[in-house]
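K.L.:
Dropping in query-v1.cif, with mmCIF, C-alpha atoms.
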data_my_file
#
loop_
_atom_site.group_PDB
_atom_site.id
_atom_site.type_symbol
_atom_site.label_atom_id
_atom_site.label_comp_id
_atom_site.auth_asym_id
_atom_site.auth_seq_id
_atom_site.Cartn_x
_atom_site.Cartn_y
_atom_site.Cartn_z
ATOM 1 C CA MET A 1 0.000 0.000 0.000
ATOM 2 C CA PRO A 2 1.508 3.400 -0.921
ATOM 3 C CA VAL A 3 2.681 5.645 1.919
ATOM 4 C CA GLY A 4 -0.012 8.148 2.829
ATOM 5 C CA THR A 5 -2.955 6.057 1.694
ATOM 6 C CA PHE A 6 -5.221 3.457 3.186
ATOM 7 C CA ALA A 7 -7.735 1.215 1.511
ATOM 8 C CA ASN A 8 -11.314 0.701 2.600
ATOM 9 C CA GLU A 9 -12.517 -2.630 1.198
ATOM 10 C CA THR A 10 -16.160 -1.584 1.495
ATOM 11 C CA MET A 11 -15.574 1.312 -0.887
ATOM 12 C CA SER A 12 -14.215 1.500 -4.423
ATOM 13 C CA GLU A 13 -11.765 4.303 -3.735
ATOM 14 C CA THR A 14 -8.357 4.529 -2.117
ATOM 15 C CA ILE A 15 -8.323 7.364 0.365
ATOM 16 C CA LEU A 16 -5.439 9.812 0.428
ATOM 17 C CA ILE A 17 -4.624 10.730 4.009
ATOM 18 C CA GLU A 18 -3.137 13.956 2.653
ATOM 19 C CA THR A 19 -6.662 14.976 1.680
ATOM 20 C CA LEU A 20 -7.804 14.582 5.265
ATOM 21 C CA HIS A 21 -4.738 16.490 6.492
ATOM 22 C CA ARG A 22 -6.242 19.606 4.909
ATOM 23 C CA TRP A 23 -8.617 19.752 7.868
ATOM 24 C CA ILE A 24 -5.762 20.233 10.369
ATOM 25 C CA GLY A 25 -5.951 23.767 11.721
ATOM 26 C CA LYS A 26 -9.628 24.194 10.896
ATOM 27 C CA THR A 27 -11.471 26.055 13.662
ATOM 28 C CA ALA A 28 -15.036 26.649 14.771
ATOM 29 C CA ALA A 29 -16.500 28.822 17.513
ATOM 30 C CA ALA A 30 -19.763 28.515 19.427
ATOM 31 C CA GLU A 31 -21.499 30.415 22.199
ATOM 32 C CA ASP A 32 -23.972 29.227 24.810
ATOM 33 C CA ARG A 33 -25.384 30.043 28.223
ATOM 34 C CA VAL A 34 -25.215 27.705 31.207
ATOM 35 C CA MET A 35 -28.916 27.164 31.832
ATOM 36 C CA PRO A 36 -30.006 25.078 34.835
ATOM 37 C CA GLY A 37 -32.426 22.837 32.929
ATOM 38 C CA PRO A 38 -29.847 20.501 31.352
ATOM 39 C CA ALA A 39 -27.989 20.228 34.666
ATOM 40 C CA HIS A 40 -31.149 19.261 36.538
ATOM 41 C CA ALA A 41 -31.970 16.706 33.829
ATOM 42 C CA LEU A 42 -28.508 15.111 34.025
ATOM 43 C CA ALA A 43 -28.672 15.018 37.827
ATOM 44 C CA ALA A 44 -31.955 13.095 37.565
ATOM 45 C CA THR A 45 -30.434 10.768 34.966
ATOM 46 C CA LEU A 46 -27.522 10.023 37.325
ATOM 47 C CA ASP A 47 -29.866 9.574 40.316
ATOM 48 C CA ARG A 48 -28.323 12.565 42.065
ATOM 49 C CA ASP A 49 -30.420 14.855 44.276
ATOM 50 C CA LEU A 50 -28.756 18.065 43.100
ATOM 51 C CA GLN A 51 -30.288 21.477 42.540
ATOM 52 C CA PHE A 52 -28.674 24.378 40.707
ATOM 53 C CA ALA A 53 -29.432 28.075 41.129
ATOM 54 C CA GLU A 54 -27.924 31.152 39.496
ATOM 55 C CA GLY A 55 -24.178 31.226 40.103
ATOM 56 C CA ASP A 56 -23.865 27.615 41.271
ATOM 57 C CA PRO A 57 -20.936 25.611 39.852
ATOM 58 C CA LEU A 58 -21.496 22.494 37.760
ATOM 59 C CA PRO A 59 -19.549 19.281 38.335
ATOM 60 C CA PRO A 60 -17.064 18.188 35.692
ATOM 61 C CA PRO A 61 -17.412 17.113 32.893
ATOM 62 C CA TRP A 62 -20.915 18.521 32.582
ATOM 63 C CA HIS A 63 -19.750 21.011 29.950
ATOM 64 C CA TRP A 64 -20.802 18.311 27.443
ATOM 65 C CA LEU A 65 -24.411 19.407 28.078
ATOM 66 C CA TYR A 66 -23.708 22.680 26.263
ATOM 67 C CA PHE A 67 -22.615 23.718 22.766
ATOM 68 C CA VAL A 68 -24.651 20.834 21.359
ATOM 69 C CA SER A 69 -24.650 20.516 17.570
ATOM 70 C CA MET A 70 -28.131 20.962 16.078
ATOM 71 C CA SER A 71 -27.720 19.933 12.464
ATOM 72 C CA ALA A 72 -30.746 20.006 10.204
ATOM 73 C CA MET A 73 -32.212 16.644 9.264
ATOM 74 C CA ALA A 74 -31.062 17.240 5.683
ATOM 75 C CA GLU A 75 -27.483 17.474 7.006
ATOM 76 C CA THR A 76 -27.649 14.196 8.923
ATOM 77 C CA GLY A 77 -25.867 11.097 7.684
ATOM 78 C CA PRO A 78 -27.166 7.500 7.680
ATOM 79 C CA ASP A 79 -25.585 6.825 11.090
ATOM 80 C CA GLY A 80 -27.473 9.746 12.644
ATOM 81 C CA HIS A 81 -24.388 11.961 12.957
ATOM 82 C CA PRO A 82 -24.019 15.194 10.987
ATOM 83 C CA THR A 83 -22.748 14.481 7.480
ATOM 84 C CA ARG A 84 -18.971 14.466 7.226
ATOM 85 C CA GLY A 85 -16.860 17.049 5.492
ATOM 86 C CA GLY A 86 -18.033 20.092 7.461
ATOM 87 C CA PHE A 87 -15.943 20.857 10.522
ATOM 88 C CA LEU A 88 -14.748 17.247 10.833
ATOM 89 C CA PRO A 89 -12.886 15.676 7.895
ATOM 90 C CA PRO A 90 -14.852 13.322 5.594
ATOM 91 C CA VAL A 91 -13.330 10.069 6.827
ATOM 92 C CA PRO A 92 -14.972 7.296 4.741
ATOM 93 C CA LEU A 93 -15.005 4.654 7.470
ATOM 94 C CA PRO A 94 -18.440 3.798 8.894
ATOM 95 C CA ARG A 95 -17.709 3.263 12.593
ATOM 96 C CA ARG A 96 -17.085 6.407 14.634
ATOM 97 C CA MET A 97 -16.100 6.223 18.310
ATOM 98 C CA TRP A 98 -15.180 8.638 21.087
ATOM 99 C CA ALA A 99 -11.778 7.122 21.889
ATOM 100 C CA GLY A 100 -10.743 9.362 24.771
ATOM 101 C CA SER A 101 -10.157 12.857 26.112
ATOM 102 C CA ARG A 102 -7.698 14.866 28.186
ATOM 103 C CA MET A 103 -9.110 17.789 30.152
ATOM 104 C CA ASP A 104 -7.653 20.542 32.327
ATOM 105 C CA PHE A 105 -10.130 22.391 34.538
ATOM 106 C CA PHE A 106 -9.326 25.954 35.657
ATOM 107 C CA ARG A 107 -12.710 27.187 36.899
ATOM 108 C CA PRO A 108 -16.154 25.549 37.012
ATOM 109 C CA LEU A 109 -18.981 26.431 34.686
ATOM 110 C CA ARG A 110 -21.562 28.405 36.667
ATOM 111 C CA VAL A 111 -25.293 28.584 36.080
ATOM 112 C CA GLY A 112 -26.223 31.762 34.264
ATOM 113 C CA ASP A 113 -22.819 32.421 32.714
ATOM 114 C CA SER A 114 -22.374 33.085 29.030
ATOM 115 C CA ILE A 115 -19.672 30.783 27.669
ATOM 116 C CA ARG A 116 -17.713 30.514 24.438
ATOM 117 C CA ARG A 117 -15.959 27.512 22.919
ATOM 118 C CA VAL A 118 -13.262 27.611 20.249
ATOM 119 C CA SER A 119 -12.489 24.251 18.635
ATOM 120 C CA GLU A 120 -9.537 23.346 16.428
ATOM 121 C CA ILE A 121 -8.599 20.146 14.610
ATOM 122 C CA THR A 122 -5.021 19.526 15.710
ATOM 123 C CA HIS A 123 -4.297 16.047 14.360
ATOM 124 C CA VAL A 124 -5.429 13.644 11.643
ATOM 125 C CA GLY A 125 -3.591 10.341 11.335
ATOM 126 C CA ALA A 126 -4.086 6.904 9.822
ATOM 127 C CA LYS A 127 -2.649 3.484 10.471
ATOM 128 C CA GLU A 128 -3.378 -0.119 9.581
ATOM 129 C CA GLY A 129 -4.813 -1.994 12.565
ATOM 130 C CA ARG A 130 -5.373 -5.702 13.024
ATOM 131 C CA SER A 131 -8.937 -5.317 11.758
ATOM 132 C CA GLY A 132 -8.159 -2.902 8.929
ATOM 133 C CA PRO A 133 -7.581 0.833 8.460
ATOM 134 C CA LEU A 134 -7.965 3.228 11.366
ATOM 135 C CA VAL A 135 -8.156 7.013 11.298
ATOM 136 C CA PHE A 136 -7.724 9.198 14.364
ATOM 137 C CA VAL A 137 -8.818 12.818 14.612
ATOM 138 C CA THR A 138 -8.005 15.044 17.589
ATOM 139 C CA VAL A 139 -10.030 18.171 18.314
ATOM 140 C CA ARG A 140 -8.884 20.699 20.906
ATOM 141 C CA HIS A 141 -11.603 22.709 22.655
ATOM 142 C CA GLU A 142 -11.031 25.851 24.725
ATOM 143 C CA ILE A 143 -13.976 27.056 26.789
ATOM 144 C CA ALA A 144 -14.028 30.469 28.453
ATOM 145 C CA GLY A 145 -16.498 32.374 30.595
ATOM 146 C CA PRO A 146 -16.864 35.946 31.867
ATOM 147 C CA ASP A 147 -13.754 35.624 34.067
ATOM 148 C CA GLY A 148 -11.503 33.929 31.532
ATOM 149 C CA PRO A 149 -10.589 30.340 30.610
ATOM 150 C CA LEU A 150 -12.668 27.569 32.199
ATOM 151 C CA LEU A 151 -11.194 24.415 30.688
ATOM 152 C CA THR A 152 -9.369 22.884 27.757
ATOM 153 C CA GLU A 153 -10.104 19.490 26.273
ATOM 154 C CA GLU A 154 -8.394 17.335 23.679
ATOM 155 C CA HIS A 155 -10.964 14.960 22.209
ATOM 156 C CA ASP A 156 -9.844 11.885 20.244
ATOM 157 C CA ILE A 157 -12.192 10.425 17.618
ATOM 158 C CA ALA A 158 -11.471 7.010 16.084
ATOM 159 C CA TYR A 159 -12.868 5.778 12.776
ATOM 160 C CA ARG A 160 -12.752 2.158 11.626
ATOM 161 C CA ASP A 161 -14.387 -0.239 9.178
ATOM 162 C CA LEU A 162 -17.259 -2.585 9.915
ATOM 163 C CA PRO A 163 -16.214 -6.005 11.251
ATOM 164 C CA LYS A 164 -15.655 -8.786 8.749
ATOM 165 C CA ALA A 165 -17.475 -12.108 9.017
ATOM 166 C CA GLY A 166 -15.764 -14.322 11.582
ATOM 167 C CA GLU A 167 -13.515 -11.529 12.818
ATOM 168 C CA LYS A 168 -12.441 -12.075 16.407
ATOM 169 C CA ALA A 169 -12.581 -9.322 18.988
ATOM 170 C CA PRO A 170 -9.211 -8.049 20.261
ATOM 171 C CA PRO A 171 -7.991 -9.673 23.478
ATOM 172 C CA ALA A 172 -9.447 -8.048 26.558
ATOM 173 C CA LYS A 173 -7.463 -6.795 29.520
ATOM 174 C CA ALA A 174 -8.591 -7.630 33.042
ATOM 175 C CA ALA A 175 -9.810 -4.732 35.149
ATOM 176 C CA PRO A 176 -7.782 -3.833 38.259
ATOM 177 C CA PRO A 177 -8.717 -5.913 41.315
ATOM 178 C CA ASP A 178 -10.091 -4.726 44.652
ATOM 179 C CA PRO A 179 -11.524 -1.277 43.902
ATOM 180 C CA ALA A 180 -12.019 1.032 46.869
ATOM 181 C CA TRP A 181 -15.257 2.292 45.302
ATOM 182 C CA GLN A 182 -17.620 0.427 43.014
ATOM 183 C CA ARG A 183 -21.091 1.147 41.667
ATOM 184 C CA GLU A 184 -23.114 -1.096 39.383
ATOM 185 C CA ILE A 185 -24.869 0.585 36.454
ATOM 186 C CA VAL A 186 -27.762 -0.830 34.444
ATOM 187 C CA ALA A 187 -27.263 0.536 30.938
ATOM 188 C CA ASP A 188 -30.848 0.077 29.817
ATOM 189 C CA PRO A 189 -32.272 1.846 26.732
ATOM 190 C CA VAL A 190 -33.897 4.507 28.943
ATOM 191 C CA LEU A 191 -30.547 5.649 30.348
ATOM 192 C CA LEU A 192 -28.973 5.677 26.884
ATOM 193 C CA PHE A 193 -31.926 7.530 25.378
ATOM 194 C CA ARG A 194 -31.838 10.162 28.117
ATOM 195 C CA TYR A 195 -28.136 10.845 27.686
ATOM 196 C CA SER A 196 -28.512 10.984 23.902
ATOM 197 C CA ALA A 197 -31.327 13.503 24.300
ATOM 198 C CA LEU A 198 -29.422 15.634 26.817
ATOM 199 C CA THR A 199 -26.370 15.908 24.569
ATOM 200 C CA TYR A 200 -28.394 16.042 21.330
ATOM 201 C CA ASN A 201 -26.503 12.986 20.164
ATOM 202 C CA SER A 202 -28.401 11.335 17.335
ATOM 203 C CA HIS A 203 -25.814 8.612 16.659
ATOM 204 C CA ARG A 204 -28.028 5.571 16.060
ATOM 205 C CA ILE A 205 -25.720 3.090 17.832
ATOM 206 C CA HIS A 206 -27.086 4.370 21.157
ATOM 207 C CA TYR A 207 -30.840 3.940 20.592
ATOM 208 C CA ASP A 208 -31.599 2.085 17.348
ATOM 209 C CA HIS A 209 -31.233 -1.645 18.078
ATOM 210 C CA PRO A 210 -31.951 -2.922 14.526
ATOM 211 C CA TYR A 211 -29.421 -0.465 13.096
ATOM 212 C CA VAL A 212 -26.625 -1.109 15.602
ATOM 213 C CA THR A 213 -26.877 -4.890 15.276
ATOM 214 C CA ALA A 214 -27.647 -5.286 11.555
ATOM 215 C CA VAL A 215 -25.577 -2.422 10.105
ATOM 216 C CA GLU A 216 -22.683 -1.794 12.490
ATOM 217 C CA GLY A 217 -22.451 -5.347 13.793
ATOM 218 C CA TYR A 218 -22.541 -4.664 17.515
ATOM 219 C CA PRO A 219 -24.347 -7.090 19.862
ATOM 220 C CA GLY A 220 -26.509 -4.365 21.392
ATOM 221 C CA LEU A 221 -26.917 -0.664 22.043
ATOM 222 C CA VAL A 222 -23.567 0.996 22.747
ATOM 223 C CA VAL A 223 -22.989 2.951 25.962
ATOM 224 C CA HIS A 224 -21.711 6.456 25.160
ATOM 225 C CA GLY A 225 -18.049 7.095 25.904
ATOM 226 C CA PRO A 226 -18.756 10.491 27.504
ATOM 227 C CA LEU A 227 -21.542 8.950 29.602
ATOM 228 C CA LEU A 228 -19.033 6.435 30.968
ATOM 229 C CA ALA A 229 -16.556 9.224 31.673
ATOM 230 C CA THR A 230 -19.284 11.232 33.427
ATOM 231 C CA LEU A 231 -20.197 8.210 35.557
ATOM 232 C CA LEU A 232 -16.540 7.750 36.539
ATOM 233 C CA LEU A 233 -16.183 11.334 37.761
ATOM 234 C CA ASP A 234 -19.594 11.080 39.402
ATOM 235 C CA LEU A 235 -18.311 8.072 41.351
ATOM 236 C CA LEU A 236 -15.333 10.123 42.546
ATOM 237 C CA LEU A 237 -17.537 13.026 43.630
ATOM 238 C CA ARG A 238 -20.000 10.734 45.412
ATOM 239 C CA ASN A 239 -17.124 9.461 47.542
ATOM 240 C CA ARG A 240 -15.107 12.700 47.747
ATOM 241 C CA PRO A 241 -17.747 15.452 47.473
ATOM 242 C CA GLN A 242 -15.295 18.195 48.427
ATOM 243 C CA ALA A 243 -12.684 17.196 45.846
ATOM 244 C CA ILE A 244 -11.761 19.734 43.166
ATOM 245 C CA VAL A 245 -10.875 18.000 39.906
ATOM 246 C CA THR A 246 -8.050 19.819 38.108
ATOM 247 C CA ARG A 247 -7.311 17.291 35.369
ATOM 248 C CA PHE A 248 -9.097 14.262 33.958
ATOM 249 C CA GLU A 249 -8.142 11.906 31.170
ATOM 250 C CA PHE A 250 -9.725 8.713 29.939
ATOM 251 C CA ARG A 251 -9.277 6.111 27.232
ATOM 252 C CA ALA A 252 -11.920 3.730 25.894
ATOM 253 C CA ARG A 253 -10.677 0.123 25.757
ATOM 254 C CA LEU A 254 -13.741 -2.024 24.980
ATOM 255 C CA PRO A 255 -17.326 -1.037 24.178
ATOM 256 C CA LEU A 256 -20.090 -1.644 26.697
ATOM 257 C CA PHE A 257 -23.636 -2.587 25.729
ATOM 258 C CA ASP A 258 -27.136 -2.594 27.139
ATOM 259 C CA ALA A 259 -27.207 -6.400 27.431
ATOM 260 C CA ALA A 260 -25.712 -6.600 30.938
ATOM 261 C CA PRO A 261 -24.906 -4.327 33.884
ATOM 262 C CA PHE A 262 -21.409 -2.897 34.213
ATOM 263 C CA SER A 263 -19.502 -1.267 37.068
ATOM 264 C CA VAL A 264 -17.679 2.004 37.531
ATOM 265 C CA CYS A 265 -14.790 1.649 39.958
ATOM 266 C CA GLY A 266 -12.154 3.791 41.611
ATOM 267 C CA ARG A 267 -9.145 3.722 43.870
ATOM 268 C CA PRO A 268 -7.439 6.832 45.291
ATOM 269 C CA ASP A 269 -3.664 6.894 45.186
ATOM 270 C CA PRO A 270 -2.446 6.347 48.776
ATOM 271 C CA HIS A 271 -0.078 9.306 48.398
ATOM 272 C CA GLY A 272 -2.940 11.638 47.474
ATOM 273 C CA GLY A 273 -3.561 13.907 44.522
ATOM 274 C CA THR A 274 -4.586 11.227 42.023
ATOM 275 C CA VAL A 275 -7.562 8.891 41.697
ATOM 276 C CA ASN A 276 -7.530 5.906 39.346
ATOM 277 C CA LEU A 277 -10.924 5.203 37.803
ATOM 278 C CA TRP A 278 -12.158 2.519 35.443
ATOM 279 C CA ALA A 279 -15.264 0.872 33.993
ATOM 280 C CA GLN A 280 -15.539 -2.894 33.757
ATOM 281 C CA ASP A 281 -18.069 -5.247 32.241
ATOM 282 C CA ALA A 282 -19.819 -8.166 33.933
ATOM 283 C CA ALA A 283 -16.792 -10.369 33.194
ATOM 284 C CA ALA A 284 -14.451 -7.871 34.919
ATOM 285 C CA GLN A 285 -12.853 -6.858 31.617
ATOM 286 C CA LEU A 286 -11.432 -3.336 31.412
ATOM 287 C CA CYS A 287 -13.647 -1.161 29.203
ATOM 288 C CA MET A 288 -12.428 2.354 30.107
ATOM 289 C CA ASP A 289 -9.570 3.554 32.247
ATOM 290 C CA ALA A 290 -9.146 7.068 33.572
ATOM 291 C CA THR A 291 -7.093 9.214 35.906
ATOM 292 C CA ALA A 292 -8.261 12.254 37.818
ATOM 293 C CA MET A 293 -6.024 14.778 39.555
ATOM 294 C CA VAL A 294 -7.709 16.371 42.542
ATOM 295 C CA ALA A 295 -6.974 19.184 44.953
#
Let me see the file written as structure tokens.
P.N.:
Amino acid sequence: MPVGTFANETMSETILIETLHRWIGKTAAAEDRVMPGPAHALAATLDRDLQFAEGDPLPPPWHWLYFVSMSAMAETGPDGHPTRGGFLPPVPLPRRMWAGSRMDFFRPLRVGDSIRRVSEITHVGAKEGRSGPLVFVTVRHEIAGPDGPLLTEEHDIAYRDLPKAGEKAPPAKAAPPDPAWQREIVADPVLLFRYSALTYNSHRIHYDHPYVTAVEGYPGLVVHGPLLATLLLDLLLRNRPQAIVTRFEFRARLPLFDAAPFSVCGRPDPHGGTVNLWAQDAAAQLCMDATAMVA
């Protein structure tokens, strides 16, 4: 295969990665206001008895409730996402996943504040994986409020092909043993629907069972990566309600589905300052690992 290209067997064309590189440096800006309604709705979805009034801070990473993309139906692709080739590069691989994020928190979002987000595509790369071509796109977000910067986030998006007949799943890694904190989550369609609605996420893998099983080849509805990350930080704050999270990073390892409960787990570093967090499936396989720095 020539350097700088990758082949997608489900399509007739050979994709030039240099074409996708043209999106590096592309920026977009958005403005919003931190209204209490979405925060109250997420608190109810997480079974948290939290109320928010004007000026109250929001927990991290609840910034995902804001700056939601409201594409017109005519601009929506067959997977439910906005059609590609706008802000994000037109990667011609059908599966799209939130692979991970790295966040630095400077100040909390506060109810009533006007906020602004500037996003930039900082990386587009391709490689050949064991199951075929992979493309990774990194988007850097900077969010600011009336008093200056609130947080930065680097968001990794992974694109891959549909699985081939008889293709084996990659070997799973065992989750860490003996968590200090553990909470079982039932990822039923109601929870997934609610989070999709709150974040205006119309990706069909989270709510359309015939689509996700027949088209994308998953065994069930897929749990959102950012929902898992939110549940991990929620676990930390349930056990350390006074903790101030200054940095949080996570990486998706295996998808989780609505077919069985899963657990979010955590263990504070005995020397303080860091909390290790992870999500595991019913077989205790590692599905997401994360680290939070706290003050």
K.L.:
CA of Thr19 in chain A to CA of Gly217 in chain A: how many Å, to one decimal?
P.N.:
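Between CA of Thr19 in chain A and CA of Gly217 in chain A the gap works out to 28.4 Å.
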K.L.:
Could you list the residues chosen by the PyMOL selection byres ((chain A and resi 222) around 12) in this structure as a compact mmCIF listing (two decimals) with C-alpha atoms, keeping the file's coordinate frame?
P.N.:
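Full text of part.txt as output:
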# COMPACT_ATOMS: atom_id res chain seq x y z
CA ARG A 95 -17.71 3.26 12.59
CA ARG A 96 -17.08 6.41 14.63
CA MET A 97 -16.10 6.22 18.31
CA TRP A 98 -15.18 8.64 21.09
CA ALA A 187 -27.26 0.54 30.94
CA ASP A 188 -30.85 0.08 29.82
CA PRO A 189 -32.27 1.85 26.73
CA LEU A 191 -30.55 5.65 30.35
CA LEU A 192 -28.97 5.68 26.88
CA PHE A 193 -31.93 7.53 25.38
CA TYR A 195 -28.14 10.84 27.69
CA SER A 196 -28.51 10.98 23.90
CA HIS A 203 -25.81 8.61 16.66
CA ARG A 204 -28.03 5.57 16.06
CA ILE A 205 -25.72 3.09 17.83
CA HIS A 206 -27.09 4.37 21.16
CA TYR A 207 -30.84 3.94 20.59
CA ASP A 208 -31.60 2.08 17.35
CA HIS A 209 -31.23 -1.64 18.08
CA TYR A 211 -29.42 -0.46 13.10
CA VAL A 212 -26.62 -1.11 15.60
CA THR A 213 -26.88 -4.89 15.28
CA GLU A 216 -22.68 -1.79 12.49
CA GLY A 217 -22.45 -5.35 13.79
CA TYR A 218 -22.54 -4.66 17.52
CA PRO A 219 -24.35 -7.09 19.86
CA GLY A 220 -26.51 -4.36 21.39
CA LEU A 221 -26.92 -0.66 22.04
CA VAL A 223 -22.99 2.95 25.96
CA HIS A 224 -21.71 6.46 25.16
CA GLY A 225 -18.05 7.10 25.90
CA PRO A 226 -18.76 10.49 27.50
CA LEU A 227 -21.54 8.95 29.60
CA LEU A 228 -19.03 6.44 30.97
CA LEU A 254 -13.74 -2.02 24.98
CA PRO A 255 -17.33 -1.04 24.18
CA LEU A 256 -20.09 -1.64 26.70
CA PHE A 257 -23.64 -2.59 25.73
CA ASP A 258 -27.14 -2.59 27.14
CA ALA A 259 -27.21 -6.40 27.43
CA ALA A 260 -25.71 -6.60 30.94
K.L.:
Would you mind reading off the distance between CA of Ile24 in chain A and CA of Val91 in chain A, one decimal, in Å?
P.N.:
13.2 Å
K.L.:
Tell me which residues the PyMOL selection byres ((chain A and resi 115-124) around 6) grabs here, as number ranges by chain.
P.N.:
A: 21, 24-33, 114, 125, 136-145
K.L.:
When you draw a straight line from CA of Asp161 in chain A to CA of Phe87 in chain A, how long is it in Å?
P.N.:
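According to the coordinates, CA of Asp161 in chain A and CA of Phe87 in chain A are separated by 21.2 Å.
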K.L.:
Quick one: everything within 7 Å of Gln280 in chain A, counting all atoms listed in the file, minus sequence neighbours fewer than 5 positions away in the same chain. Send it as a count of residues only.
P.N.:
7
K.L.:
Skip Thr76 in chain A itself and residues of its chain fewer than 3 positions away, then list as a VMD selection string all residues within 12 Å of it, counting only C-alpha atoms.
P.N.:
chain A and resid 69 to 73 79 to 86 201 to 204
K.L.:
Can you pull out the residues contacting Val245 in chain A? Cut-off 12 Å, using all atoms listed in the file, and skip same-chain residues under 3 positions away; I want them as a compact mmCIF listing (two decimals) with C-alpha atoms, keeping the file's coordinate frame.
P.N.:
# COMPACT_ATOMS: atom_id res chain seq x y z
CA LEU A 58 -21.50 22.49 37.76
CA PRO A 59 -19.55 19.28 38.34
CA PRO A 60 -17.06 18.19 35.69
CA PRO A 61 -17.41 17.11 32.89
CA MET A 103 -9.11 17.79 30.15
CA ASP A 104 -7.65 20.54 32.33
CA PHE A 105 -10.13 22.39 34.54
CA PHE A 106 -9.33 25.95 35.66
CA ARG A 107 -12.71 27.19 36.90
CA PRO A 108 -16.15 25.55 37.01
CA LEU A 151 -11.19 24.42 30.69
CA LEU A 233 -16.18 11.33 37.76
CA ASP A 234 -19.59 11.08 39.40
CA LEU A 236 -15.33 10.12 42.55
CA LEU A 237 -17.54 13.03 43.63
CA ARG A 240 -15.11 12.70 47.75
CA PRO A 241 -17.75 15.45 47.47
CA GLN A 242 -15.30 18.20 48.43
CA PHE A 248 -9.10 14.26 33.96
CA GLU A 249 -8.14 11.91 31.17
CA GLY A 273 -3.56 13.91 44.52
CA THR A 274 -4.59 11.23 42.02
CA VAL A 275 -7.56 8.89 41.70
CA THR A 291 -7.09 9.21 35.91
CA ALA A 292 -8.26 12.25 37.82
CA MET A 293 -6.02 14.78 39.56
CA VAL A 294 -7.71 16.37 42.54
CA ALA A 295 -6.97 19.18 44.95
K.L.:
Let me know the centre plus edge lengths, in Å and rounded to one decimal, of a box with edges along x, y and z that contains all listed atoms of range 54-59 of chain A and is padded by 5 Å on every side, as JSON.
P.N.:
{"center_x": -23.7, "center_y": 25.3, "center_z": 39.5, "size_x": 18.4, "size_y": 21.9, "size_z": 13.5}
K.L.:
Choose the residue, out of A:Gly266, A:Pro133, A:Pro149, A:Pro176, that has the smallest atom-to-atom separation from Ile17 in chain A; count all atoms listed in the file.
P.N.:
A:Pro133
K.L.:
Restricting the calculation to all atoms listed in the file, which member of A:Gly112, A:Gly272, A:Pro170, A:Pro177 is positioned closest to Ala39 in chain A?
P.N.:
A:Gly112
K.L.:
Point out the residue among A:Tyr200, A:Gln182, A:Gly100, A:Gly132 with the least atom-to-atom distance to His155 in chain A, counting all atoms listed in the file.
P.N.:
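Nearest candidate to His155 in chain A out of A:Tyr200, A:Gln182, A:Gly100, A:Gly132: A:Gly100.
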K.L.:
Given the file shown, determine the residues that the PyMOL selection byres ((chain A and resi 50-56) around 10) selects; report them as a PyMOL selection string.
P.N.:
chain A and resi 34-37+39-44+46-49+57-59+108-113
